[in-house]
Every structure is written in C-alpha cells, then in structure tokens.
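Asker: Sharing query-v4.cif here; it has mmCIF, C-alpha atoms.
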data_target
loop_
_atom_site.label_atom_id
_atom_site.label_comp_id
_atom_site.auth_asym_id
_atom_site.auth_seq_id
_atom_site.Cartn_x
_atom_site.Cartn_y
_atom_site.Cartn_z
CA MET I 1171 -53.70 110.62 137.05
CA ALA I 1172 -51.26 108.66 134.92
CA LYS I 1173 -51.00 109.76 131.32
CA GLU I 1174 -52.98 107.53 128.94
CA ILE I 1175 -50.83 105.31 126.75
CA ASN I 1176 -51.65 105.54 123.04
CA THR I 1177 -48.54 104.18 121.32
CA ILE I 1178 -46.27 101.41 122.61
CA GLY I 1179 -42.78 100.76 121.27
CA VAL I 1180 -41.10 97.36 121.55
CA LEU I 1181 -37.42 96.49 121.21
CA THR I 1182 -35.05 93.60 121.85
CA SER I 1183 -31.62 94.33 123.26
CA GLY I 1184 -28.46 92.42 124.15
CA GLY I 1185 -28.04 88.76 123.27
CA ASP I 1186 -30.86 87.14 121.32
CA ALA I 1187 -32.87 84.30 122.86
CA PRO I 1188 -35.43 81.82 121.50
CA GLY I 1189 -38.90 83.05 122.45
CA MET I 1190 -38.21 86.74 121.90
CA ASN I 1191 -40.45 86.63 118.81
CA ALA I 1192 -43.27 85.12 120.87
CA ALA I 1193 -42.93 88.03 123.30
CA ILE I 1194 -42.89 90.60 120.48
CA ARG I 1195 -45.96 89.00 118.93
CA ALA I 1196 -47.83 89.12 122.23
CA VAL I 1197 -46.92 92.78 122.81
CA VAL I 1198 -48.13 93.76 119.35
CA ARG I 1199 -51.40 91.85 119.39
CA GLN I 1200 -52.30 92.58 123.02
CA ALA I 1201 -51.71 96.30 122.43
CA LEU I 1202 -53.79 96.28 119.24
CA SER I 1203 -56.60 94.44 121.05
CA LYS I 1204 -56.68 97.33 123.53
CA GLY I 1205 -56.84 99.96 120.79
CA LYS I 1206 -53.19 101.03 121.05
CA LYS I 1207 -50.72 101.64 118.25
CA VAL I 1208 -47.44 99.72 118.18
CA LYS I 1209 -44.07 100.70 116.80
CA GLY I 1210 -41.19 98.27 116.43
CA ILE I 1211 -37.74 99.65 117.25
CA LYS I 1212 -35.10 97.73 115.32
CA ARG I 1213 -31.63 96.82 116.61
CA GLY I 1214 -32.29 97.72 120.24
CA TYR I 1215 -31.16 101.03 121.66
CA ALA I 1216 -28.82 101.55 118.70
CA GLY I 1217 -31.83 101.44 116.40
CA LEU I 1218 -33.70 103.84 118.66
CA LEU I 1219 -30.91 106.41 118.37
CA ASN I 1220 -30.83 105.86 114.59
CA GLU I 1221 -34.64 106.18 114.42
CA GLU I 1222 -35.09 102.70 112.93
CA ILE I 1223 -38.74 102.71 113.93
CA VAL I 1224 -41.56 101.00 112.03
CA ASP I 1225 -45.31 100.68 112.50
CA MET I 1226 -46.40 97.20 113.50
CA TYR I 1227 -49.70 95.48 112.82
CA ALA I 1228 -51.15 92.04 113.55
CA LYS I 1229 -49.77 90.80 110.23
CA SER I 1230 -46.29 92.07 111.14
CA VAL I 1231 -45.95 89.21 113.62
CA SER I 1232 -47.78 86.48 111.69
CA GLU I 1233 -45.98 83.12 111.67
CA THR I 1234 -43.20 84.35 113.96
CA ILE I 1235 -44.00 82.48 117.18
CA SER I 1236 -42.02 79.40 116.09
CA ARG I 1237 -38.96 81.32 114.87
CA GLY I 1238 -35.77 81.68 116.89
CA GLY I 1239 -33.81 84.91 117.16
CA THR I 1240 -35.62 88.24 117.01
CA ILE I 1241 -37.44 89.74 114.03
CA LEU I 1242 -36.54 93.20 115.36
CA GLN I 1243 -32.82 92.32 115.44
CA THR I 1244 -30.60 93.31 118.33
CA ALA I 1245 -27.36 95.19 118.89
CA ARG I 1246 -25.11 96.52 121.64
CA CYS I 1247 -25.09 100.28 122.09
CA LEU I 1248 -22.37 101.98 124.12
CA GLU I 1249 -23.78 105.40 123.25
CA PHE I 1250 -26.98 104.65 125.16
CA MET I 1251 -24.92 104.20 128.32
CA THR I 1252 -24.26 107.95 128.32
CA GLU I 1253 -26.62 110.62 129.65
CA GLU I 1254 -26.59 112.30 126.26
CA GLY I 1255 -27.56 109.09 124.49
CA GLN I 1256 -30.35 108.38 126.98
CA LYS I 1257 -31.81 111.87 126.61
CA GLN I 1258 -31.61 111.57 122.84
CA GLY I 1259 -33.45 108.24 123.04
CA ALA I 1260 -36.25 109.72 125.14
CA ASP I 1261 -36.54 112.68 122.76
CA ILE I 1262 -36.79 110.34 119.77
CA CYS I 1263 -39.56 108.38 121.50
CA LYS I 1264 -41.49 111.61 122.03
CA LYS I 1265 -40.82 112.70 118.43
CA HIS I 1266 -42.41 109.48 117.14
CA GLY I 1267 -45.31 109.67 119.59
CA ILE I 1268 -44.12 106.66 121.61
CA ASP I 1269 -45.55 106.93 125.12
CA ALA I 1270 -44.15 103.66 126.44
CA VAL I 1271 -41.56 101.04 125.55
CA VAL I 1272 -41.44 97.30 126.24
CA VAL I 1273 -37.79 96.25 126.51
CA ILE I 1274 -37.00 92.55 126.02
CA GLY I 1275 -33.50 91.70 127.24
CA GLY I 1276 -31.26 91.23 130.26
CA ASP I 1277 -29.91 93.37 133.09
CA GLY I 1278 -28.07 95.77 130.78
CA SER I 1279 -31.24 96.29 128.75
CA PHE I 1280 -33.19 96.96 131.94
CA GLN I 1281 -30.70 99.65 132.94
CA GLY I 1282 -31.55 101.40 129.68
CA ALA I 1283 -35.27 101.01 130.40
CA GLN I 1284 -34.68 102.47 133.86
CA LYS I 1285 -33.10 105.57 132.32
CA LEU I 1286 -35.95 106.03 129.82
CA ALA I 1287 -38.47 105.79 132.65
CA ALA I 1288 -36.64 108.55 134.53
CA LEU I 1289 -36.94 110.69 131.40
CA GLY I 1290 -40.71 110.33 131.13
CA ILE I 1291 -41.12 107.28 128.91
CA ASN I 1292 -43.11 104.52 130.60
CA THR I 1293 -41.13 101.28 130.43
CA ILE I 1294 -41.71 97.61 131.18
CA GLY I 1295 -38.93 95.02 130.98
CA ILE I 1296 -39.32 91.39 129.91
CA PRO I 1297 -36.42 89.12 130.97
CA GLY I 1298 -35.00 87.76 127.72
CA THR I 1299 -31.70 85.92 128.19
CA ILE I 1300 -30.62 82.30 127.87
CA ASP I 1301 -28.41 82.70 130.97
CA LEU I 1302 -31.24 82.72 133.60
CA ASP I 1303 -29.20 85.35 135.46
CA ILE I 1304 -31.91 87.89 136.33
CA ALA I 1305 -32.42 87.63 140.06
CA CYS I 1306 -36.07 88.65 140.36
CA THR I 1307 -37.36 85.85 138.16
CA ASP I 1308 -37.23 82.05 138.17
CA TYR I 1309 -37.57 82.04 134.37
CA THR I 1310 -36.04 84.01 131.53
CA VAL I 1311 -37.11 83.86 127.89
CA GLY I 1312 -34.85 81.47 125.97
CA PHE I 1313 -33.35 79.48 128.83
CA ASP I 1314 -35.55 76.42 128.34
CA THR I 1315 -34.76 76.14 124.63
CA ALA I 1316 -31.04 76.75 125.21
CA ILE I 1317 -30.68 74.00 127.80
CA ASN I 1318 -32.58 71.54 125.62
CA THR I 1319 -30.35 72.40 122.65
CA ALA I 1320 -27.25 71.92 124.78
CA MET I 1321 -28.59 68.74 126.38
CA ASP I 1322 -29.22 67.16 122.99
CA ALA I 1323 -25.72 68.08 121.77
CA ILE I 1324 -24.09 66.69 124.93
CA ASP I 1325 -25.99 63.39 124.55
CA LYS I 1326 -24.50 63.04 121.07
CA ILE I 1327 -21.00 63.86 122.29
CA ARG I 1328 -21.35 61.26 125.04
CA ASP I 1329 -22.06 58.58 122.40
CA THR I 1330 -18.82 59.19 120.52
CA SER I 1331 -16.90 59.79 123.74
CA THR I 1332 -17.91 56.34 124.95
CA SER I 1333 -17.00 54.72 121.63
CA HIS I 1334 -13.48 56.16 121.80
CA GLU I 1335 -13.16 55.92 125.61
CA ARG I 1336 -12.43 59.62 125.82
CA CYS I 1337 -12.69 62.36 128.34
CA SER I 1338 -14.85 65.13 126.84
CA ILE I 1339 -14.99 68.75 127.95
CA ILE I 1340 -18.13 70.46 126.64
CA GLU I 1341 -18.23 74.22 127.01
CA VAL I 1342 -21.69 75.76 127.29
CA MET I 1343 -22.69 79.42 127.38
CA GLY I 1344 -22.80 81.40 130.60
CA ARG I 1345 -20.18 84.09 130.96
CA GLY I 1346 -20.98 85.09 134.52
CA ALA I 1347 -23.63 82.54 135.41
CA GLY I 1348 -23.46 78.77 135.56
CA HIS I 1349 -27.17 77.92 135.26
CA ILE I 1350 -26.93 76.35 131.80
CA ALA I 1351 -23.92 74.27 132.87
CA LEU I 1352 -25.59 73.14 136.09
CA TRP I 1353 -28.89 72.17 134.47
CA CYS I 1354 -27.09 70.29 131.69
CA GLY I 1355 -24.82 68.63 134.23
CA LEU I 1356 -27.86 67.14 135.93
CA ALA I 1357 -29.80 66.44 132.72
CA ASN I 1358 -26.86 64.72 131.01
CA GLY I 1359 -25.48 62.93 134.05
CA ALA I 1360 -22.08 64.59 133.69
CA GLU I 1361 -19.21 63.44 135.86
CA GLU I 1362 -18.09 67.02 136.52
CA VAL I 1363 -19.70 70.48 136.27
CA LEU I 1364 -17.52 73.60 136.36
CA LEU I 1365 -19.37 76.80 137.30
CA PRO I 1366 -18.04 80.38 137.53
CA GLU I 1367 -19.73 80.71 140.92
CA LYS I 1368 -18.12 77.56 142.36
CA TYR I 1369 -14.94 76.58 140.51
CA ASP I 1370 -11.79 76.51 142.65
CA TYR I 1371 -9.36 76.09 139.71
CA ASP I 1372 -7.95 72.92 141.29
CA GLU I 1373 -7.11 71.14 138.04
CA GLN I 1374 -5.16 68.42 139.81
CA ARG I 1375 -8.38 67.32 141.50
CA LEU I 1376 -9.99 67.04 138.05
CA ILE I 1377 -7.05 64.99 136.78
CA ASN I 1378 -7.29 62.66 139.78
CA GLN I 1379 -11.02 62.23 139.22
CA VAL I 1380 -10.56 61.36 135.55
CA MET I 1381 -7.86 58.80 136.35
CA GLY I 1382 -9.91 57.31 139.20
CA ALA I 1383 -12.94 56.91 136.94
CA ARG I 1384 -10.87 55.08 134.33
CA GLN I 1385 -9.44 52.74 136.96
CA GLN I 1386 -13.01 51.92 137.98
CA GLY I 1387 -13.78 50.90 134.40
CA LYS I 1388 -15.62 54.01 133.21
CA GLN I 1389 -15.53 54.28 129.40
CA HIS I 1390 -15.98 58.03 129.26
CA TYR I 1391 -15.72 61.12 131.45
CA ILE I 1392 -17.95 64.13 130.71
CA ILE I 1393 -16.95 67.55 132.02
CA ILE I 1394 -19.39 70.41 131.41
CA ASN I 1395 -17.56 73.70 131.54
CA ALA I 1396 -19.26 77.11 131.70
CA GLU I 1397 -18.10 79.82 129.29
CA GLY I 1398 -17.17 82.02 132.26
CA ILE I 1399 -14.35 79.59 133.08
CA GLY I 1400 -13.50 78.83 129.45
CA HIS I 1401 -10.07 77.67 128.22
CA SER I 1402 -11.58 74.29 127.38
CA GLU I 1403 -9.07 73.49 124.62
CA SER I 1404 -6.02 74.10 126.79
CA MET I 1405 -7.66 72.31 129.73
CA ALA I 1406 -8.22 69.26 127.49
CA LYS I 1407 -4.56 69.22 126.47
CA ARG I 1408 -3.37 69.39 130.06
CA ILE I 1409 -5.69 66.60 131.19
CA GLU I 1410 -4.61 64.37 128.30
CA GLU I 1411 -0.93 65.00 129.04
CA ALA I 1412 -1.39 64.23 132.74
CA THR I 1413 -3.61 61.14 132.37
CA GLY I 1414 -2.71 59.63 129.02
CA ILE I 1415 -6.45 59.50 128.29
CA GLU I 1416 -7.55 61.01 124.98
CA THR I 1417 -9.35 64.24 125.84
CA ARG I 1418 -11.33 66.46 123.49
CA ALA I 1419 -12.98 69.85 123.93
CA THR I 1420 -16.20 70.90 122.21
CA ILE I 1421 -17.43 74.48 122.43
CA LEU I 1422 -21.17 74.58 121.69
CA GLY I 1423 -21.16 78.36 121.27
CA HIS I 1424 -23.97 80.30 119.63
CA MET I 1425 -25.96 77.25 118.53
CA GLN I 1426 -27.48 77.54 122.02
CA ARG I 1427 -29.02 80.91 121.13
CA GLY I 1428 -30.77 79.65 118.01
CA GLY I 1429 -33.53 77.27 117.04
CA SER I 1430 -37.28 77.13 117.30
CA PRO I 1431 -38.34 77.96 120.88
CA SER I 1432 -39.71 75.23 123.14
CA CYS I 1433 -43.37 75.12 124.18
CA LYS I 1434 -42.46 76.63 127.56
CA ASP I 1435 -40.53 79.50 125.98
CA ARG I 1436 -43.41 80.23 123.62
CA VAL I 1437 -46.09 80.15 126.31
CA TYR I 1438 -44.17 82.01 129.02
CA ALA I 1439 -42.84 84.65 126.60
CA THR I 1440 -46.34 85.17 125.24
CA THR I 1441 -47.77 85.57 128.74
CA MET I 1442 -45.03 88.02 129.71
CA GLY I 1443 -45.53 90.07 126.53
CA ALA I 1444 -49.27 90.39 127.12
CA MET I 1445 -48.74 91.23 130.79
CA ALA I 1446 -46.26 93.98 129.88
CA VAL I 1447 -48.95 95.69 127.80
CA ASP I 1448 -51.53 95.26 130.55
CA LEU I 1449 -49.19 96.91 133.06
CA LEU I 1450 -48.61 99.88 130.75
CA CYS I 1451 -52.34 100.29 130.19
CA GLU I 1452 -52.75 100.36 133.98
CA GLY I 1453 -50.36 103.33 134.05
CA LYS I 1454 -47.40 101.41 135.47
CA SER I 1455 -43.79 102.10 134.54
CA ASN I 1456 -40.25 101.11 135.48
CA ARG I 1457 -41.37 97.51 136.10
CA VAL I 1458 -40.06 94.06 135.16
CA VAL I 1459 -42.37 91.17 134.38
CA ALA I 1460 -41.21 88.04 136.22
CA HIS I 1461 -42.18 84.45 136.94
CA HIS I 1462 -41.69 83.99 140.65
CA GLY I 1463 -43.04 81.34 143.00
CA GLY I 1464 -45.10 79.77 140.21
CA LYS I 1465 -46.88 83.01 139.26
CA PHE I 1466 -46.40 85.84 136.78
CA VAL I 1467 -45.71 89.00 138.78
CA ASP I 1468 -43.96 92.33 138.35
CA PHE I 1469 -41.13 94.04 140.22
CA ASP I 1470 -39.78 97.57 140.30
CA ILE I 1471 -36.76 97.72 137.96
CA ASP I 1472 -34.64 99.43 140.62
CA GLU I 1473 -35.45 96.64 143.05
CA ALA I 1474 -34.87 93.95 140.42
CA LEU I 1475 -31.44 95.30 139.44
CA ALA I 1476 -30.36 95.42 143.10
CA MET I 1477 -31.07 91.71 143.61
CA GLN I 1478 -28.31 89.09 143.47
CA LYS I 1479 -28.67 85.58 142.09
CA GLY I 1480 -26.46 82.53 142.56
CA VAL I 1481 -26.84 78.96 141.41
CA ASP I 1482 -29.15 76.66 143.35
CA GLU I 1483 -27.02 75.20 146.14
CA TYR I 1484 -28.96 71.94 146.42
CA MET I 1485 -28.81 71.33 142.67
CA PHE I 1486 -25.07 71.92 142.81
CA GLN I 1487 -24.63 69.49 145.67
CA ILE I 1488 -26.54 66.70 143.97
CA SER I 1489 -24.54 67.25 140.78
CA LYS I 1490 -21.63 66.03 142.92
CA SER I 1491 -23.36 63.28 144.88
CA LEU I 1492 -25.12 61.57 141.95
CA VAL I 1493 -21.94 60.90 139.93
#
Mind converting the file's structure to structure tokens?

Answerer:
Amino acid sequence: MAKEINTIGVLTSGGDAPGMNAAIRAVVRQALSKGKKVKGIKRGYAGLLNEEIVDMYAKSVSETISRGGTILQTARCLEFMTEEGQKQGADICKKHGIDAVVVIGGDGSFQGAQKLAALGINTIGIPGTIDLDIACTDYTVGFDTAINTAMDAIDKIRDTSTSHERCSIIEVMGRGAGHIALWCGLANGAEEVLLPEKYDYDEQRLINQVMGARQQGKQHYIIINAEGIGHSESMAKRIEEATGIETRATILGHMQRGGSPSCKDRVYATTMGAMAVDLLCEGKSNRVVAHHGGKFVDFDIDEALAMQKGVDEYMFQISKSLV
C-alpha cells in the first residue's frame, strides 16, 4: 500500500506567472480540508536547500487569489541540478516531515520534482509558465493573463504607430516558444509575426513587405517579435534605413509576468491546485496535472517531459493569410 500523506509541501520555481497564488491557495486549503498539514517552501528549490520552510494555514493564503507573482517567491537553483543537491533536498523534506511536494513551475521545475520522486518524496507538478511551452497540456498557469497584458499594450502602440505612420516592432516574451507572439499576432491583427519555431531570418522579405504595405496606403505596420529571436532595436534600425519609414522597437519585457490574474488563470490554477492534492491523497506521485482535450487530467512526469510541442500550424498559417 502507498504510504499515507500527512504533510504536503508547496513551492514555486522558475519564472513567476499570474495565477500561481491561486494554485498555492488551492493546495493549502484543499489539503487542510482533507486533514493534512501544509508547509510552504520559499524561493523554490533554493529555499528548500536553505530550509526556508514555513507552516501554512487557511489564513496564510487569504486575499491572495487576485495577486500576481507568487507569495512564496521563486528563484533559480543550479545546486539542485546536481545529485548531491537533490539528495540534500529529499533529506530536508524528510527532516521537516514533508511526505509530498506540489511543484508549480515549468519543465525545469518538473525535472526537479522527478528527482525528488525518485528519492522517495511524492511529487505532483502544476504547469506554471506564461510561455505555454509544456507539451502535455493545452493550458499553463499565467498564459492567459500574459497574452491579455501584451494584447492591451500592443493595441496602445498601434494607436501611436498609426498617428505617426510608423512601423512598430513589439517584442513579447517567449525565449524558445512563440505561443505568446502567435496569439497576440492574431488578437492584435499584426501584419507580421516572428516566431522562434518558424523564422527564416529573411529580413529582406520583411523590408519588402513593409514597403509594399506603405505603397498600398497602410498607415502603420505592426511586427510582433518573439524574445527568442530578439534584436528588435537593431532590426528596427535596419528596416528604417532600408525603407525610409520611421521604425520603432518596444520590448514589453517583464510587465507580461505581472498583474492580477485573469478569471481563467484563477479558475484553472485553483482547479489544478486542488487536483494536485487529490492525486497525492490517492497515493499518486511523479505526475503532472494538465488540461488536455477540454478536461483536467494527469500525466506521468517522465512521459510529459519526453513530449515535444510546437506552435499550432493552422494558427500560424492564418496569421499570414488574414493580413
């Protein structure tokens, strides 16, 4: 029989995302409703190794569901990538009576959860990343808020771009994944979307497109550029030099990580947090909670990490055809 879970730890790791607090809140209150104790682990795996561990109660998460960021803070931890660090982390969990850990983060965070599971600590992962780059799930905590934040900013840039008859390059987050750029490209009606998965680095084609649009009487030209391609400032200078059209770059940066989470991020993160606790109470470990095919499900972490995810091909094609 699986060992009964008495104390559940919860941590957030990697980049922060709106909705993480909703997930933390759900983990804490669902666990307490089932008679379990909860310990918050601050600053991710770094905080685990430093034993930054606190008891959590229902009041600990009061009035947090609407807050962006993470009340547990987050940090990167190179030490936890080593066997020694992982063993130390498992030993610290056992020292503090933590039978299981809910890890809220991305692929790198899940790799840490995978290692803890192998060392006897039951783990459940919740996909928390604005990049939507976890292959096993159609939804990740924070993505909905991030794209709405970016969409609103791009709408405002379009207004001033039209007034000045400019070409505007807006750089959105997404180091290795173009989901934010693609969704914003469609939502904002951008003339061009540059994705890490698809970009051919043919800048002359871009220049020709900008010039052609101006000849057709277009008053602006919006290019949404993913962070994984980058170099937006230098790209803007080259386009302006080649076309004679005033071109400006705007890098939205970390504003996309912040802000009060959307209704969807609050509800989905809450559901995932509660489900993570339910899975642990059922004796499950080394799993990832996911939203797949319209339902909340769970996958084996090993299986989830082996999956590959690209951008939606049809969405990409219509971003080109609807210009």

Asker: Using all atoms listed in the file, which of I:His1401, I:Arg1336, I:Arg1427, I:Lys1454 sits nearest Gly1414 of chain I?

Answerer: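 The shortest atom-to-atom distance to Gly1414 of chain I comes from I:Arg1336.
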
Asker: Would you kindly translate the PyMOL selection byres ((chain I and resi 1354) around 9) into the concrete residues it picks from this file, as number ranges by chain?

Answerer: I: 1317-1318, 1320-1321, 1324, 1342, 1349-1353, 1355-1360, 1363, 1394

Asker: Need to verify the contact set: segment 1204-1208 of chain I, 10 Å, only C-alpha atoms, exclusion of same-chain residues closer than 5 positions in sequence. Can you return it as a list in words?

Answerer: Ile1175, Asn1176, Thr1177, Ile1178, Gly1179, Val1180, Val1197, Val1198, Arg1199, Val1224, Asp1225, Met1226, Tyr1227, Ala1228, Gly1267, Ile1268, Ala1270, Val1271, Val1447, Asp1448 and Cys1451 of chain I

Asker: Decode the PyMOL selection byres ((chain I and resi 1192) around 6) for the given file into explicit residues and return them as a tab-separated table (two decimals) with C-alpha atoms, in the coordinates of the input.

Answerer:
chain	number	residue	atom	x	y	z
I	1189	GLY	CA	-38.90	83.05	122.45
I	1190	MET	CA	-38.21	86.74	121.90
I	1191	ASN	CA	-40.45	86.63	118.81
I	1193	ALA	CA	-42.93	88.03	123.30
I	1194	ILE	CA	-42.89	90.60	120.48
I	1195	ARG	CA	-45.96	89.00	118.93
I	1235	ILE	CA	-44.00	82.48	117.18
I	1436	ARG	CA	-43.41	80.23	123.62
I	1439	ALA	CA	-42.84	84.65	126.60
I	1440	THR	CA	-46.34	85.17	125.24

Asker: From the options I:Gln1200, I:Thr1244, I:Thr1319, I:Ser1183, which residue's atoms come nearest to Pro1297 of chain I, counting all atoms listed in the file?

Answerer: I:Ser1183

Asker: Between atom CA of Tyr1391 of chain I and atom CA of Asp1482 of chain I, what is the distance, to one decimal in Å?

Answerer: 23.7 Å

Asker: Taking the file as shown, what set of residues would the PyMOL selection byres ((chain I and resi 1365-1381) around 8) give back, as a list in words?

Answerer: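 Taken over the shown coordinates, the PyMOL selection byres ((chain I and resi 1365-1381) around 8) returns Cys1337, Arg1345, Gly1346, Ala1347, Gly1348, Ala1351, Leu1352, Val1363, Leu1364, Gly1382, Ala1383, Arg1384, Gln1385, Tyr1391, Asn1395, Ala1396, Gly1398, Ile1399, Ile1409, Ala1412, Thr1413, Gly1480 and Val1481 of chain I.
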
Asker: Check which residues of segment 1262-1288 of chain I sit at most 12 Å from segment 1245-1253 of chain I using all atoms listed in the file, and return one row each with the closest pair of atoms and their distance in Å to one decimal, ordered by chain and rising number, as CSV.

Answerer:
residue,atom,partner,partner_atom,distance
I:Gly1275,CA,I:Ala1245,CA,10.9
I:Gly1276,CA,I:Arg1246,CA,11.8
I:Gly1278,CA,I:Met1251,CA,9.3
I:Ser1279,CA,I:Arg1246,CA,9.4
I:Phe1280,CA,I:Met1251,CA,11.6
I:Gln1281,CA,I:Met1251,CA,8.7
I:Gly1282,CA,I:Phe1250,CA,7.2
I:Ala1283,CA,I:Phe1250,CA,10.5
I:Gln1284,CA,I:Met1251,CA,11.4
I:Lys1285,CA,I:Glu1253,CA,8.6
I:Leu1286,CA,I:Phe1250,CA,10.2
I:Ala1288,CA,I:Glu1253,CA,11.3

Asker: Just the number, please: distance in Å from atom CA of Glu1361 of chain I to atom CA of Thr1417 of chain I, one decimal.

Answerer: 14.1 Å

Asker: Name the closest residue to Gln1258 of chain I among the candidates I:Ala1305, I:Ile1274, I:Leu1449, I:Leu1219; distances are taken between atoms, counting all atoms listed in the file.

Answerer: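 Selected residue with least distance to Gln1258 of chain I: I:Leu1219.
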
Asker: If we count only C-alpha atoms and set the cut-off at 7 Å, which residues sit around segment 1299-1304 of chain I, ignoring sequence neighbours fewer than 3 positions away in its own chain? Please answer as an NGL selection string.

Answerer: :I and (1185 or 1187 or 1275-1277 or 1307 or 1309-1313 or 1316 or 1344 or 1347 or 1349-1350 or 1479)

Asker: Can you tell me how far atom CA of Ile1393 of chain I sits from atom CA of Ser1333 of chain I, in Å to one decimal?

Answerer: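 So the two atoms, atom CA of Ile1393 of chain I and atom CA of Ser1333 of chain I, lie 16.5 Å apart.
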
Asker: Measuring atom to atom with all atoms listed in the file, identify which of I:Pro1431, I:Gly1290, I:Thr1441, I:Ile1339 is nearest to Glu1403 of chain I.

Answerer: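 Of I:Pro1431, I:Gly1290, I:Thr1441, I:Ile1339, the one nearest Glu1403 of chain I, counting all atoms listed in the file, is I:Ile1339.
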
Asker: Kindly extract all protein, DNA and RNA residues lying within 9 Å of the coordinates (-14.6, 78.0, 123.3) given in the file, considering only C-alpha atoms, and supply them as a ChimeraX atom specification.

Answerer: /I:1340-1342,1397,1400-1403,1419-1423

Asker: May I have the residues from that selection written out with C-alpha atoms, as a PDB file, keeping the file's coordinate frame?

Answerer:
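File produced: part20.pdb:
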ATOM      1  CA  ILE I1340     -18.130  70.460 126.640  1.00  0.00           C
ATOM      2  CA  GLU I1341     -18.230  74.220 127.010  1.00  0.00           C
ATOM      3  CA  VAL I1342     -21.690  75.760 127.290  1.00  0.00           C
ATOM      4  CA  GLU I1397     -18.100  79.820 129.290  1.00  0.00           C
ATOM      5  CA  GLY I1400     -13.500  78.830 129.450  1.00  0.00           C
ATOM      6  CA  HIS I1401     -10.070  77.670 128.220  1.00  0.00           C
ATOM      7  CA  SER I1402     -11.580  74.290 127.380  1.00  0.00           C
ATOM      8  CA  GLU I1403      -9.070  73.490 124.620  1.00  0.00           C
ATOM      9  CA  ALA I1419     -12.980  69.850 123.930  1.00  0.00           C
ATOM     10  CA  THR I1420     -16.200  70.900 122.210  1.00  0.00           C
ATOM     11  CA  ILE I1421     -17.430  74.480 122.430  1.00  0.00           C
ATOM     12  CA  LEU I1422     -21.170  74.580 121.690  1.00  0.00           C
ATOM     13  CA  GLY I1423     -21.160  78.360 121.270  1.00  0.00           C
TER      14      GLY I1423
END

Asker: Pick the closest to Gln1487 of chain I from I:Glu1411, I:Asp1468, I:Asp1261, I:Glu1362: which is it, counting all atoms listed in the file?

Answerer: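 Once distances to Gln1487 of chain I are computed over all atoms listed in the file, the minimum belongs to I:Glu1362.
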
Asker: Out of I:Ala1476, I:Leu1492, I:Cys1306, I:Val1437, which residue has the shortest atom-to-atom distance to His1461 of chain I when counting all atoms listed in the file?

Answerer: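 Using all atoms listed in the file, His1461 of chain I sits closest to I:Cys1306.
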
Asker: Could you give me, as a PyMOL selection string, the residues that have an atom at most 10 Å away from the point (-46.2, 90.9, 141.5) in the coordinates of the file, using all atoms listed in the file?

Answerer: chain I and resi 1457-1462+1465-1470
